[in-house]
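For reference, run_0.tsv (TSV, C-alpha atoms):
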chain	number	residue	atom	x	y	z
A	80	MET	CA	-162.67	-56.66	120.72
A	81	ILE	CA	-159.07	-56.45	119.60
A	82	ALA	CA	-157.80	-52.86	119.38
A	83	LYS	CA	-154.43	-51.33	118.60
A	84	THR	CA	-152.58	-49.37	121.25
A	85	ASP	CA	-151.45	-45.78	121.00
A	86	LYS	CA	-147.75	-46.49	121.51
A	87	GLY	CA	-145.78	-49.47	120.34
A	88	ASN	CA	-146.83	-52.27	118.09
A	89	THR	CA	-149.17	-54.06	120.49
A	90	VAL	CA	-152.84	-54.87	120.72
A	91	VAL	CA	-155.33	-54.92	123.59
A	92	ILE	CA	-158.25	-57.26	124.08
A	93	LEU	CA	-161.23	-55.63	125.78
A	94	PRO	CA	-165.02	-55.94	125.75
A	95	ILE	CA	-166.71	-53.98	122.96
A	96	GLN	CA	-168.94	-52.21	125.53
A	97	GLN	CA	-165.85	-50.88	127.30
A	98	TYR	CA	-164.39	-49.64	124.00
A	99	ASN	CA	-167.68	-47.91	123.12
A	100	ILE	CA	-167.87	-46.30	126.57
A	101	LYS	CA	-164.31	-44.96	126.22
A	102	THR	CA	-165.13	-43.49	122.81
A	103	GLN	CA	-168.38	-41.93	124.03
A	104	ASN	CA	-166.62	-40.50	127.10
A	105	PHE	CA	-164.01	-38.89	124.86
A	106	ILE	CA	-166.72	-37.31	122.70
A	107	THR	CA	-168.70	-35.94	125.65
A	108	GLU	CA	-165.68	-34.77	127.68
A	109	ASN	CA	-164.36	-32.73	124.75
A	110	HIS	CA	-167.75	-31.12	124.08
A	111	PHE	CA	-168.21	-32.44	120.56
A	112	GLN	CA	-171.69	-31.97	119.18
A	113	THR	CA	-173.60	-34.81	117.63
A	114	ILE	CA	-176.20	-34.32	114.93
A	115	ASN	CA	-179.18	-36.43	113.93
A	116	THR	CA	-178.92	-36.04	110.17
A	117	ASP	CA	-176.04	-36.61	107.79
A	118	PRO	CA	-175.04	-33.30	106.11
A	119	THR	CA	-172.71	-35.01	103.61
A	120	ASN	CA	-175.05	-34.71	100.61
A	121	ILE	CA	-175.79	-31.03	101.24
A	122	PHE	CA	-172.10	-30.25	101.67
A	123	GLN	CA	-171.16	-32.27	98.57
A	124	ASN	CA	-173.77	-30.40	96.47
A	125	GLN	CA	-172.37	-27.06	97.63
A	126	ILE	CA	-168.83	-28.13	96.70
A	127	ARG	CA	-169.96	-29.33	93.25
A	128	LYS	CA	-171.84	-26.08	92.55
A	129	THR	CA	-168.86	-23.98	93.61
A	130	ILE	CA	-166.45	-25.93	91.40
A	131	LYS	CA	-168.89	-25.96	88.49
A	132	ASN	CA	-169.48	-22.20	88.64
A	133	SER	CA	-165.80	-21.34	89.00
A	134	LYS	CA	-164.42	-20.06	85.71
A	135	THR	CA	-160.95	-19.04	86.93
A	136	LEU	CA	-160.30	-21.56	89.68
A	137	ASN	CA	-160.00	-24.63	87.48
A	138	PRO	CA	-159.84	-25.36	83.77
A	139	GLN	CA	-163.07	-26.83	82.43
A	140	ASP	CA	-161.60	-30.26	81.65
A	141	SER	CA	-160.00	-30.83	85.09
A	142	LYS	CA	-162.92	-29.98	87.39
A	143	TRP	CA	-163.80	-33.65	87.84
A	144	LYS	CA	-160.48	-34.20	89.63
A	145	TYR	CA	-161.63	-32.11	92.59
A	146	ILE	CA	-164.95	-33.87	93.24
A	147	ASN	CA	-165.19	-36.84	95.57
A	148	LEU	CA	-167.50	-39.31	93.81
A	149	ASN	CA	-168.41	-41.37	96.89
A	150	PRO	CA	-168.48	-39.00	99.86
A	151	ALA	CA	-169.03	-40.32	103.37
A	152	VAL	CA	-168.90	-39.00	106.90
A	153	PRO	CA	-165.43	-39.35	108.44
A	154	SER	CA	-165.21	-42.32	110.79
A	155	ILE	CA	-163.54	-42.37	114.18
A	156	LYS	CA	-161.65	-45.12	115.95
A	157	GLY	CA	-159.79	-45.03	119.22
A	158	LEU	CA	-156.32	-46.28	120.01
A	159	ILE	CA	-156.05	-47.41	123.62
A	160	LYS	CA	-153.44	-45.61	125.72
A	161	ILE	CA	-151.95	-48.35	127.87
A	162	HIS	CA	-149.19	-46.08	129.19
A	163	LYS	CA	-151.70	-43.72	130.88
A	164	PRO	CA	-153.80	-44.37	133.96
A	165	ASN	CA	-157.47	-45.25	133.30
A	166	GLN	CA	-156.54	-46.32	129.74
A	167	LEU	CA	-157.80	-43.33	127.79
A	168	ILE	CA	-158.08	-43.35	124.00
A	169	ARG	CA	-156.41	-41.41	121.22
A	170	PRO	CA	-158.92	-40.66	118.46
A	171	VAL	CA	-158.01	-41.33	114.85
A	172	LEU	CA	-160.27	-39.92	112.15
A	173	LYS	CA	-160.48	-41.44	108.71
A	174	GLY	CA	-161.51	-38.60	106.43
A	175	ARG	CA	-160.43	-39.88	103.05
A	176	ASN	CA	-164.03	-40.14	101.84
A	177	ALA	CA	-165.07	-36.78	103.28
A	178	PRO	CA	-166.64	-34.42	100.71
A	179	ALA	CA	-163.86	-31.85	101.02
A	180	TYR	CA	-160.98	-34.35	100.80
A	181	ILE	CA	-158.79	-33.83	97.75
A	182	TYR	CA	-156.21	-36.42	96.83
A	183	TYR	CA	-153.31	-34.67	95.14
A	184	GLN	CA	-151.62	-36.64	92.48
A	185	ASN	CA	-149.52	-35.78	89.46
A	186	TYR	CA	-151.85	-35.90	86.49
Would you write out, as structure tokens, the structure that this file holds?
Amino acid sequence: MIAKTDKGNTVVILPIQQYNIKTQNFITENHFQTINTDPTNIFQNQIRKTIKNSKTLNPQDSKWKYINLNPAVPSIKGLIKIHKPNQLIRPVLKGRNAPAYIYYQNY
């Protein structure tokens, strides 16, 4: 696997199993909880109901701007820290497709 490093503009080549082990170790060492089901649809439905029922929060014609049409669970990738002993990782979360993500733009 070819992965980016945490500092500098370099890449590291390492076995995919080693990369997966580093990511799993980071998750378990920091006491993150894993779940078996994807709560994205439930959360997205709650957000849509809240926005739909809000009379003062948003004008009726602009409510669609605050709903993510294709929600997905945020993904994680790890940048390898080559300047640290044991080559730890720095997690980077991609949450652009998360249900609560709002992209602000001048309309």
Checklist line | Å distance separating CA of Asp117 (chain A) from CA of Ile81 (chain A), one decimal place | finding: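 Distance reported for this atom pair: 28.7 Å.
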Note to self: Rounded to one decimal, what separation in Å do you get between CA of Asn147 (chain A) and CA of Arg175 (chain A)?
What the structure shows: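 It comes out at 9.4 Å.
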Item checked: Distance query region 94-105 of chain A at most 7 Å, all atoms listed in the file, self and fewer than 4 positions along chain excluded, as a VMD selection string -> chain A and resid 80 109 157 167 to 168
Margin query: Between CA of Lys83 (chain A) and CA of Pro170 (chain A), what is the distance in Å, rounded to a tenth?
Written below: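 Distance between the two atoms: 11.6 Å.
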Residues near Leu148 (chain A), cut-off 10 Å, only C-alpha atoms, skip fewer than 2 positions along chain, as a CSV table (one decimal) with C-alpha atoms, in the frame of the given file:
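Saved to part_37.csv:
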chain,number,residue,atom,x,y,z
A,123,GLN,CA,-171.2,-32.3,98.6
A,143,TRP,CA,-163.8,-33.6,87.8
A,144,LYS,CA,-160.5,-34.2,89.6
A,145,TYR,CA,-161.6,-32.1,92.6
A,146,ILE,CA,-165.0,-33.9,93.2
A,150,PRO,CA,-168.5,-39.0,99.9
A,151,ALA,CA,-169.0,-40.3,103.4
A,176,ASN,CA,-164.0,-40.1,101.8
A,178,PRO,CA,-166.6,-34.4,100.7
Notebook entry, point to check: So which one's closest to Leu93 (chain A), A:Ala177, A:Leu172, A:Ile161, A:Val152? Using only C-alpha atoms, please.
Noted result: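 The shortest atom-to-atom distance to Leu93 (chain A) comes from A:Ile161.
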Notebook entry, point to check: Which residue gives the smallest distance to Pro153 (chain A) among A:Gly174, A:Phe122, A:Thr135, A:Thr116, with all atoms listed in the file counted?
Noted result: A:Gly174
Could you model N, CA and C atoms for region 147-176 of chain A and present them as a JSON list (two decimals), in the coordinates of the input?
[["chain", "number", "residue", "atom", "x", "y", "z"],
["A", 147, "ASN", "N", -165.19, -35.51, 94.98],
["A", 147, "ASN", "CA", -165.19, -36.84, 95.57],
["A", 147, "ASN", "C", -166.47, -37.54, 95.11],
["A", 148, "LEU", "N", -166.34, -38.65, 94.39],
["A", 148, "LEU", "CA", -167.50, -39.31, 93.81],
["A", 148, "LEU", "C", -168.31, -40.11, 94.82],
["A", 149, "ASN", "N", -167.70, -40.58, 95.86],
["A", 149, "ASN", "CA", -168.41, -41.37, 96.89],
["A", 149, "ASN", "C", -168.16, -40.77, 98.27],
["A", 150, "PRO", "N", -168.75, -39.62, 98.57],
["A", 150, "PRO", "CA", -168.48, -39.00, 99.86],
["A", 150, "PRO", "C", -169.13, -39.75, 101.01],
["A", 151, "ALA", "N", -168.50, -39.69, 102.16],
["A", 151, "ALA", "CA", -169.03, -40.32, 103.37],
["A", 151, "ALA", "C", -168.56, -39.51, 104.58],
["A", 152, "VAL", "N", -169.27, -39.67, 105.66],
["A", 152, "VAL", "CA", -168.90, -39.00, 106.90],
["A", 152, "VAL", "C", -167.60, -39.61, 107.41],
["A", 153, "PRO", "N", -166.65, -38.79, 107.88],
["A", 153, "PRO", "CA", -165.43, -39.35, 108.44],
["A", 153, "PRO", "C", -165.74, -40.28, 109.61],
["A", 154, "SER", "N", -165.00, -41.37, 109.70],
["A", 154, "SER", "CA", -165.21, -42.32, 110.79],
["A", 154, "SER", "C", -164.13, -42.12, 111.85],
["A", 155, "ILE", "N", -164.46, -42.52, 113.07],
["A", 155, "ILE", "CA", -163.54, -42.37, 114.18],
["A", 155, "ILE", "C", -163.26, -43.74, 114.79],
["A", 156, "LYS", "N", -162.01, -43.95, 115.17],
["A", 156, "LYS", "CA", -161.65, -45.12, 115.95],
["A", 156, "LYS", "C", -160.71, -44.66, 117.04],
["A", 157, "GLY", "N", -160.62, -45.42, 118.09],
["A", 157, "GLY", "CA", -159.79, -45.03, 119.22],
["A", 157, "GLY", "C", -158.66, -46.00, 119.44],
["A", 158, "LEU", "N", -157.47, -45.47, 119.63],
["A", 158, "LEU", "CA", -156.32, -46.28, 120.01],
["A", 158, "LEU", "C", -156.19, -46.20, 121.52],
["A", 159, "ILE", "N", -156.10, -47.35, 122.17],
["A", 159, "ILE", "CA", -156.05, -47.41, 123.62],
["A", 159, "ILE", "C", -154.67, -46.97, 124.12],
["A", 160, "LYS", "N", -154.68, -46.07, 125.10],
["A", 160, "LYS", "CA", -153.44, -45.61, 125.72],
["A", 160, "LYS", "C", -153.14, -46.48, 126.92],
["A", 161, "ILE", "N", -152.27, -47.46, 126.75],
["A", 161, "ILE", "CA", -151.95, -48.35, 127.87],
["A", 161, "ILE", "C", -150.89, -47.76, 128.80],
["A", 162, "HIS", "N", -150.23, -46.70, 128.36],
["A", 162, "HIS", "CA", -149.19, -46.08, 129.19],
["A", 162, "HIS", "C", -149.75, -44.99, 130.09],
["A", 163, "LYS", "N", -151.05, -44.73, 130.04],
["A", 163, "LYS", "CA", -151.70, -43.72, 130.88],
["A", 163, "LYS", "C", -152.63, -44.41, 131.87],
["A", 164, "PRO", "N", -152.83, -43.80, 133.03],
["A", 164, "PRO", "CA", -153.80, -44.37, 133.96],
["A", 164, "PRO", "C", -155.22, -44.27, 133.38],
["A", 165, "ASN", "N", -156.07, -45.17, 133.75],
["A", 165, "ASN", "CA", -157.47, -45.25, 133.30],
["A", 165, "ASN", "C", -157.60, -45.60, 131.82],
["A", 166, "GLN", "N", -156.54, -45.90, 131.14],
["A", 166, "GLN", "CA", -156.54, -46.32, 129.74],
["A", 166, "GLN", "C", -157.46, -45.47, 128.87],
["A", 167, "LEU", "N", -157.07, -44.24, 128.66],
["A", 167, "LEU", "CA", -157.80, -43.33, 127.79],
["A", 167, "LEU", "C", -157.64, -43.77, 126.34],
["A", 168, "ILE", "N", -158.25, -43.03, 125.42],
["A", 168, "ILE", "CA", -158.08, -43.35, 124.00],
["A", 168, "ILE", "C", -157.49, -42.16, 123.26],
["A", 169, "ARG", "N", -156.86, -42.44, 122.14],
["A", 169, "ARG", "CA", -156.41, -41.41, 121.22],
["A", 169, "ARG", "C", -157.28, -41.57, 119.97],
["A", 170, "PRO", "N", -158.04, -40.53, 119.62],
["A", 170, "PRO", "CA", -158.92, -40.66, 118.46],
["A", 170, "PRO", "C", -158.14, -40.58, 117.15],
["A", 171, "VAL", "N", -158.57, -41.37, 116.19],
["A", 171, "VAL", "CA", -158.01, -41.33, 114.85],
["A", 171, "VAL", "C", -159.19, -41.20, 113.89],
["A", 172, "LEU", "N", -159.19, -40.14, 113.10],
["A", 172, "LEU", "CA", -160.27, -39.92, 112.15],
["A", 172, "LEU", "C", -159.85, -40.34, 110.76],
["A", 173, "LYS", "N", -160.72, -41.05, 110.09],
["A", 173, "LYS", "CA", -160.48, -41.44, 108.71],
["A", 173, "LYS", "C", -161.36, -40.54, 107.85],
["A", 174, "GLY", "N", -160.75, -39.57, 107.21],
["A", 174, "GLY", "CA", -161.51, -38.60, 106.43],
["A", 174, "GLY", "C", -161.28, -38.69, 104.94],
["A", 175, "ARG", "N", -160.75, -39.77, 104.47],
["A", 175, "ARG", "CA", -160.43, -39.88, 103.05],
["A", 175, "ARG", "C", -161.67, -39.77, 102.16],
["A", 176, "ASN", "N", -162.81, -40.23, 102.63],
["A", 176, "ASN", "CA", -164.03, -40.14, 101.84],
["A", 176, "ASN", "C", -164.87, -38.92, 102.17]]
